[in-house]
Amino acid sequence: MKTRRIMMSLSGVIICAISVGIFKIAALGVDPFQSLMSGLDKLISIPFGTLYVIVNLLLLTFSLVVDRHNIGIATFINLFLLGYITQFTYDYLQTVIVNPSMLVRMLCLLVGIVIICFGSALYMTADLGVSTYDAVAIVLSGKWKLAKFQYCRIGTDLVCVVAGTVIFLIGGGTVEQIPTIVGVGTIITAFFMGPLIEFFNVKFARPLLNKK
């Protein structure tokens, strides 16, 4: 069972990292947390992978203070690897998908949304730690009982979208460029990631974990 949990955690993190690279290729808006990261990336001139680690260390501090149950192996895999795997995936896909048409971009967006929710369900159900960002919604719903997880996730996603847009503009981004980080993909994930993650939890991740 322990080995299965570790494999689910590792696979989930890697799948999520790859999905973010696919989102970037689609250029129709990244998931809410990555829209915040894109804004910060525009404002702060350091490698994306390093910036991702710094931001997540701050979120890690929050979880360590409020509820350490959410911190585990997967948390640190996510913290130290996701940013760099995302950058590698994006750089590679740029050599394979050159000047994609709108149809291809929309297909990439759809694939990215499904994959990121599937990956999230895997490592969240494995319960060996979640990403520092996912931990925020879990604390709000599980420990503080503010609302169901899916609604808390929608709330944190919306905060990231607004903050990411403002920071992006402060960092020198133009209004015309905003749809590449906050677009239709961001809107879809902001409202449907929570419910879709729960769908994969119920239909796949939990049955996989409990399979004899």
# chains A, B, ... in the order shown; residues from 1 in each chain; ligands from 1
>>> residues_around(residues="region 55-60 of chain A", least_positions_apart="2", cutoff="7 Å", atoms="only C-alpha atoms", output="list in words")
Leu51, Tyr52, Val53, Phe62, Ser63, Leu64, Leu79, Thr132 and Tyr133 of chain A
>>> residues_around(residues="Gln87 (chain A)", least_positions_apart="6", cutoff="8 Å", atoms="only C-alpha atoms", output="ChimeraX atom specification")
/A:21,48-49
>>> residues_around(residues="region 111-119 of chain A", least_positions_apart="6", cutoff="7 Å", atoms="only C-alpha atoms", output="PDB file with N, CA and C atoms, in the first residue's frame")
ATOM      1  N   GLY A  12       1.322  11.636 -10.037  1.00  0.00           N
ATOM      2  CA  GLY A  12       0.437  12.793 -10.023  1.00  0.00           C
ATOM      3  C   GLY A  12       1.176  14.103 -10.212  1.00  0.00           C
ATOM      4  N   VAL A  13       2.298  14.248  -9.516  1.00  0.00           N
ATOM      5  CA  VAL A  13       3.090  15.482  -9.629  1.00  0.00           C
ATOM      6  C   VAL A  13       3.656  15.647 -11.033  1.00  0.00           C
ATOM      7  N   ILE A  15       2.520  14.336 -13.836  1.00  0.00           N
ATOM      8  CA  ILE A  15       1.412  14.598 -14.762  1.00  0.00           C
ATOM      9  C   ILE A  15       0.992  16.064 -14.690  1.00  0.00           C
ATOM     10  N   CYS A  16       0.914  16.603 -13.479  1.00  0.00           N
ATOM     11  CA  CYS A  16       0.536  18.014 -13.319  1.00  0.00           C
ATOM     12  C   CYS A  16       1.567  18.937 -13.961  1.00  0.00           C
ATOM     13  N   SER A  19       1.185  18.914 -17.647  1.00  0.00           N
ATOM     14  CA  SER A  19      -0.034  19.607 -18.062  1.00  0.00           C
ATOM     15  C   SER A  19       0.161  21.106 -18.137  1.00  0.00           C
ATOM     16  N   VAL A  20       0.950  21.650 -17.213  1.00  0.00           N
ATOM     17  CA  VAL A  20       1.190  23.095 -17.228  1.00  0.00           C
ATOM     18  C   VAL A  20       1.955  23.496 -18.485  1.00  0.00           C
ATOM     19  N   ILE A  22       1.669  22.023 -21.321  1.00  0.00           N
ATOM     20  CA  ILE A  22       0.662  21.956 -22.381  1.00  0.00           C
ATOM     21  C   ILE A  22      -0.199  23.217 -22.369  1.00  0.00           C
ATOM     22  N   PHE A  23      -0.552  23.682 -21.173  1.00  0.00           N
ATOM     23  CA  PHE A  23      -1.310  24.927 -21.043  1.00  0.00           C
ATOM     24  C   PHE A  23      -0.566  26.083 -21.703  1.00  0.00           C
ATOM     25  N   THR A 189     -10.822  26.411 -15.710  1.00  0.00           N
ATOM     26  CA  THR A 189     -10.193  25.731 -14.583  1.00  0.00           C
ATOM     27  C   THR A 189     -10.587  26.353 -13.250  1.00  0.00           C
ATOM     28  N   MET A 193     -12.060  23.033 -11.939  1.00  0.00           N
ATOM     29  CA  MET A 193     -10.990  22.162 -11.453  1.00  0.00           C
ATOM     30  C   MET A 193     -11.387  21.437 -10.179  1.00  0.00           C
ATOM     31  N   LEU A 196     -13.920  18.720 -10.975  1.00  0.00           N
ATOM     32  CA  LEU A 196     -13.340  17.679 -11.819  1.00  0.00           C
ATOM     33  C   LEU A 196     -12.314  16.852 -11.042  1.00  0.00           C
ATOM     34  N   ILE A 197     -11.553  17.491 -10.151  1.00  0.00           N
ATOM     35  CA  ILE A 197     -10.631  16.746  -9.294  1.00  0.00           C
ATOM     36  C   ILE A 197     -11.417  15.763  -8.430  1.00  0.00           C
ATOM     37  N   PHE A 200     -12.452  12.714 -10.424  1.00  0.00           N
ATOM     38  CA  PHE A 200     -11.378  11.733 -10.581  1.00  0.00           C
ATOM     39  C   PHE A 200     -11.038  11.059  -9.253  1.00  0.00           C
TER      40      PHE A 200
END
>>> closest_atom_pairs(of="region 10-112 of chain A", to="region 156-167 of chain A", cutoff="8 Å", atoms="only C-alpha atoms", output="CSV")
residue,atom,partner,partner_atom,distance
A:Pro32,CA,A:Asp157,CA,5.1
A:Phe33,CA,A:Cys160,CA,5.6
A:Ser35,CA,A:Gly164,CA,5.3
A:Leu36,CA,A:Gly164,CA,3.7
A:Met37,CA,A:Gly164,CA,6.9
A:Ser38,CA,A:Gly164,CA,6.8
A:Gly39,CA,A:Gly164,CA,4.7
A:Leu40,CA,A:Ile167,CA,6.3
A:Lys42,CA,A:Ile167,CA,7.9
A:Leu43,CA,A:Ile167,CA,6.8
>>> write_last_selection(atoms="N, CA and C atoms", output="CSV table (one decimal), in the first residue's frame")
chain,number,residue,atom,x,y,z
A,32,PRO,N,-5.3,28.7,-12.7
A,32,PRO,CA,-5.3,29.8,-11.8
A,32,PRO,C,-3.9,30.1,-11.1
A,33,PHE,N,-3.4,29.0,-10.5
A,33,PHE,CA,-2.1,29.2,-9.7
A,33,PHE,C,-1.0,29.6,-10.7
A,35,SER,N,-1.4,31.2,-13.4
A,35,SER,CA,-1.6,32.6,-13.8
A,35,SER,C,-0.9,33.6,-12.8
A,36,LEU,N,-1.0,33.2,-11.6
A,36,LEU,CA,-0.3,34.0,-10.5
A,36,LEU,C,1.2,33.9,-10.8
A,37,MET,N,1.7,32.7,-11.0
A,37,MET,CA,3.1,32.5,-11.2
A,37,MET,C,3.6,33.2,-12.5
A,38,SER,N,2.8,33.2,-13.5
A,38,SER,CA,3.1,34.0,-14.8
A,38,SER,C,3.2,35.4,-14.5
A,39,GLY,N,2.3,36.0,-13.7
A,39,GLY,CA,2.4,37.4,-13.3
A,39,GLY,C,3.7,37.7,-12.6
A,40,LEU,N,4.0,36.8,-11.6
A,40,LEU,CA,5.3,37.0,-10.8
A,40,LEU,C,6.5,36.8,-11.7
A,42,LYS,N,6.7,37.6,-14.8
A,42,LYS,CA,6.9,38.8,-15.6
A,42,LYS,C,7.5,39.9,-14.8
A,43,LEU,N,7.2,39.9,-13.5
A,43,LEU,CA,7.7,41.0,-12.6
A,43,LEU,C,9.1,40.8,-12.1
>>> residues_around(residues="region 147-149 of chain A", least_positions_apart="4", cutoff="9 Å", atoms="only C-alpha atoms", output="PyMOL selection string")
chain A and resi 137-142+153-154+194-195+198
>>> residues_around(residues="Val104 (chain A)", least_positions_apart="6", cutoff="12 Å", atoms="only C-alpha atoms", output="list in words")
Ile22, Phe23, Ile25, Ala26, Ala27, Leu28, Ile97, Val98, Leu110 and Val111 of chain A
>>> write_last_selection(atoms="N, CA and C atoms", output="CSV table (one decimal), in the first residue's frame")
chain,number,residue,atom,x,y,z
A,22,ILE,N,1.7,22.0,-21.3
A,22,ILE,CA,0.7,22.0,-22.4
A,22,ILE,C,-0.2,23.2,-22.4
A,23,PHE,N,-0.6,23.7,-21.2
A,23,PHE,CA,-1.3,24.9,-21.0
A,23,PHE,C,-0.6,26.1,-21.7
A,25,ILE,N,1.6,26.0,-24.1
A,25,ILE,CA,1.6,25.9,-25.6
A,25,ILE,C,0.2,26.3,-26.1
A,26,ALA,N,-0.8,26.0,-25.4
A,26,ALA,CA,-2.2,26.4,-25.8
A,26,ALA,C,-2.3,27.9,-25.9
A,27,ALA,N,-1.6,28.6,-24.9
A,27,ALA,CA,-1.7,30.1,-24.8
A,27,ALA,C,-3.1,30.6,-24.8
A,28,LEU,N,-3.9,29.9,-24.1
A,28,LEU,CA,-5.3,30.4,-24.0
A,28,LEU,C,-5.7,30.6,-22.5
A,97,ILE,N,5.4,21.3,-31.6
A,97,ILE,CA,4.2,22.0,-32.0
A,97,ILE,C,4.6,23.5,-32.3
A,98,VAL,N,4.9,23.7,-33.6
A,98,VAL,CA,5.3,25.0,-34.0
A,98,VAL,C,4.2,25.8,-34.7
A,110,LEU,N,-7.9,21.6,-23.8
A,110,LEU,CA,-8.7,20.5,-23.2
A,110,LEU,C,-7.9,19.4,-22.6
A,111,VAL,N,-6.9,19.0,-23.3
A,111,VAL,CA,-6.0,17.9,-22.7
A,111,VAL,C,-5.4,18.4,-21.4
>>> atom_distance(atom1="CA of Ser101 (chain A)", atom2="CA of Val175 (chain A)")
22.0 Å
>>> closest_residue(among="A:Lys24, A:Lys143, A:Lys212, A:Lys2", to="Gly185 (chain A)", atoms="only C-alpha atoms")
A:Lys24
>>> residues_around(residues="Ala205 (chain A)", least_positions_apart="3", cutoff="6 Å", atoms="only C-alpha atoms", output="list in words")
Leu122, Asn201 and Leu208 of chain A
>>> atom_distance(atom1="CA of Ile170 (chain A)", atom2="CA of Cys108 (chain A)")
28.6 Å
>>> atom_distance(atom1="CA of Asp134 (chain A)", atom2="CA of Ala190 (chain A)")
13.0 Å
>>> closest_residue(among="A:Cys152, A:Met7, A:Val130, A:Ile181", to="Asn70 (chain A)", atoms="only C-alpha atoms")
A:Val130
>>> select_by_dssp(residues="region 33-204 of chain A", states="alpha helix (DSSP H)", output="PyMOL selection string")
chain A and resi 33-43+48-66+73-96+102-126+132-138+149-170+178-181+184-200
>>> residues_around(residues="Ile6 (chain A)", least_positions_apart="2", cutoff="8 Å", atoms="only C-alpha atoms", output="list in words")
Lys2, Thr3, Arg4, Met8, Ser9, Leu10, Ile73, Ala74, Ala126 and Leu128 of chain A
>>> write_last_selection(atoms="N, CA and C atoms", output="compact mmCIF listing (two decimals), in the first residue's frame")
# COMPACT_ATOMS: atom_id res chain seq x y z
N LYS A 2 1.96 1.24 0.80
CA LYS A 2 2.85 2.40 0.87
C LYS A 2 3.48 2.67 -0.49
N THR A 3 3.92 1.59 -1.15
CA THR A 3 4.54 1.74 -2.47
C THR A 3 3.54 2.32 -3.47
N ARG A 4 2.29 1.87 -3.39
CA ARG A 4 1.26 2.37 -4.30
C ARG A 4 1.02 3.86 -4.06
N MET A 8 1.60 6.78 -6.80
CA MET A 8 0.50 7.69 -7.14
C MET A 8 0.92 9.14 -6.94
N SER A 9 1.66 9.41 -5.87
CA SER A 9 2.12 10.77 -5.60
C SER A 9 3.09 11.25 -6.67
N LEU A 10 4.08 10.41 -6.97
CA LEU A 10 5.08 10.78 -7.96
C LEU A 10 4.45 10.97 -9.33
N ILE A 73 5.81 13.65 1.23
CA ILE A 73 6.73 13.40 0.12
C ILE A 73 6.30 14.15 -1.14
N ALA A 74 5.02 14.06 -1.47
CA ALA A 74 4.53 14.69 -2.70
C ALA A 74 4.68 16.20 -2.66
N ALA A 126 -3.46 9.87 -2.65
CA ALA A 126 -2.35 9.11 -2.07
C ALA A 126 -2.05 9.57 -0.64
N LEU A 128 0.11 11.54 0.69
CA LEU A 128 1.51 11.65 1.13
C LEU A 128 1.96 13.10 1.00
>>> decode(residues="region 180-191 of chain A", atoms="N, CA and C atoms", output="PDB file, in the first residue's frame")
ATOM      1  N   THR A 180      -3.090  35.229 -22.779  1.00  0.00           N
ATOM      2  CA  THR A 180      -2.152  34.106 -22.804  1.00  0.00           C
ATOM      3  C   THR A 180      -1.951  33.511 -21.412  1.00  0.00           C
ATOM      4  N   ILE A 181      -2.188  34.304 -20.364  1.00  0.00           N
ATOM      5  CA  ILE A 181      -2.044  33.787 -18.997  1.00  0.00           C
ATOM      6  C   ILE A 181      -3.387  33.700 -18.272  1.00  0.00           C
ATOM      7  N   VAL A 182      -4.301  34.589 -18.625  1.00  0.00           N
ATOM      8  CA  VAL A 182      -5.645  34.570 -18.034  1.00  0.00           C
ATOM      9  C   VAL A 182      -6.643  34.646 -19.175  1.00  0.00           C
ATOM     10  N   GLY A 183      -7.055  33.475 -19.633  1.00  0.00           N
ATOM     11  CA  GLY A 183      -7.978  33.422 -20.759  1.00  0.00           C
ATOM     12  C   GLY A 183      -9.092  32.425 -20.511  1.00  0.00           C
ATOM     13  N   VAL A 184      -9.611  31.892 -21.585  1.00  0.00           N
ATOM     14  CA  VAL A 184     -10.727  30.961 -21.462  1.00  0.00           C
ATOM     15  C   VAL A 184     -10.325  29.731 -20.653  1.00  0.00           C
ATOM     16  N   GLY A 185      -9.081  29.293 -20.803  1.00  0.00           N
ATOM     17  CA  GLY A 185      -8.607  28.138 -20.037  1.00  0.00           C
ATOM     18  C   GLY A 185      -8.595  28.407 -18.549  1.00  0.00           C
ATOM     19  N   THR A 186      -8.225  29.617 -18.182  1.00  0.00           N
ATOM     20  CA  THR A 186      -8.191  29.989 -16.769  1.00  0.00           C
ATOM     21  C   THR A 186      -9.590  30.023 -16.185  1.00  0.00           C
ATOM     22  N   ILE A 187     -10.523  30.576 -16.951  1.00  0.00           N
ATOM     23  CA  ILE A 187     -11.908  30.658 -16.483  1.00  0.00           C
ATOM     24  C   ILE A 187     -12.486  29.262 -16.275  1.00  0.00           C
ATOM     25  N   ILE A 188     -12.222  28.366 -17.234  1.00  0.00           N
ATOM     26  CA  ILE A 188     -12.727  26.997 -17.125  1.00  0.00           C
ATOM     27  C   ILE A 188     -12.140  26.303 -15.897  1.00  0.00           C
ATOM     28  N   THR A 189     -10.822  26.411 -15.710  1.00  0.00           N
ATOM     29  CA  THR A 189     -10.193  25.731 -14.583  1.00  0.00           C
ATOM     30  C   THR A 189     -10.587  26.353 -13.250  1.00  0.00           C
ATOM     31  N   ALA A 190     -10.799  27.682 -13.228  1.00  0.00           N
ATOM     32  CA  ALA A 190     -11.177  28.347 -11.978  1.00  0.00           C
ATOM     33  C   ALA A 190     -12.505  27.833 -11.451  1.00  0.00           C
ATOM     34  N   PHE A 191     -13.424  27.512 -12.360  1.00  0.00           N
ATOM     35  CA  PHE A 191     -14.745  27.086 -11.932  1.00  0.00           C
ATOM     36  C   PHE A 191     -14.950  25.571 -11.926  1.00  0.00           C
TER      37      PHE A 191
END
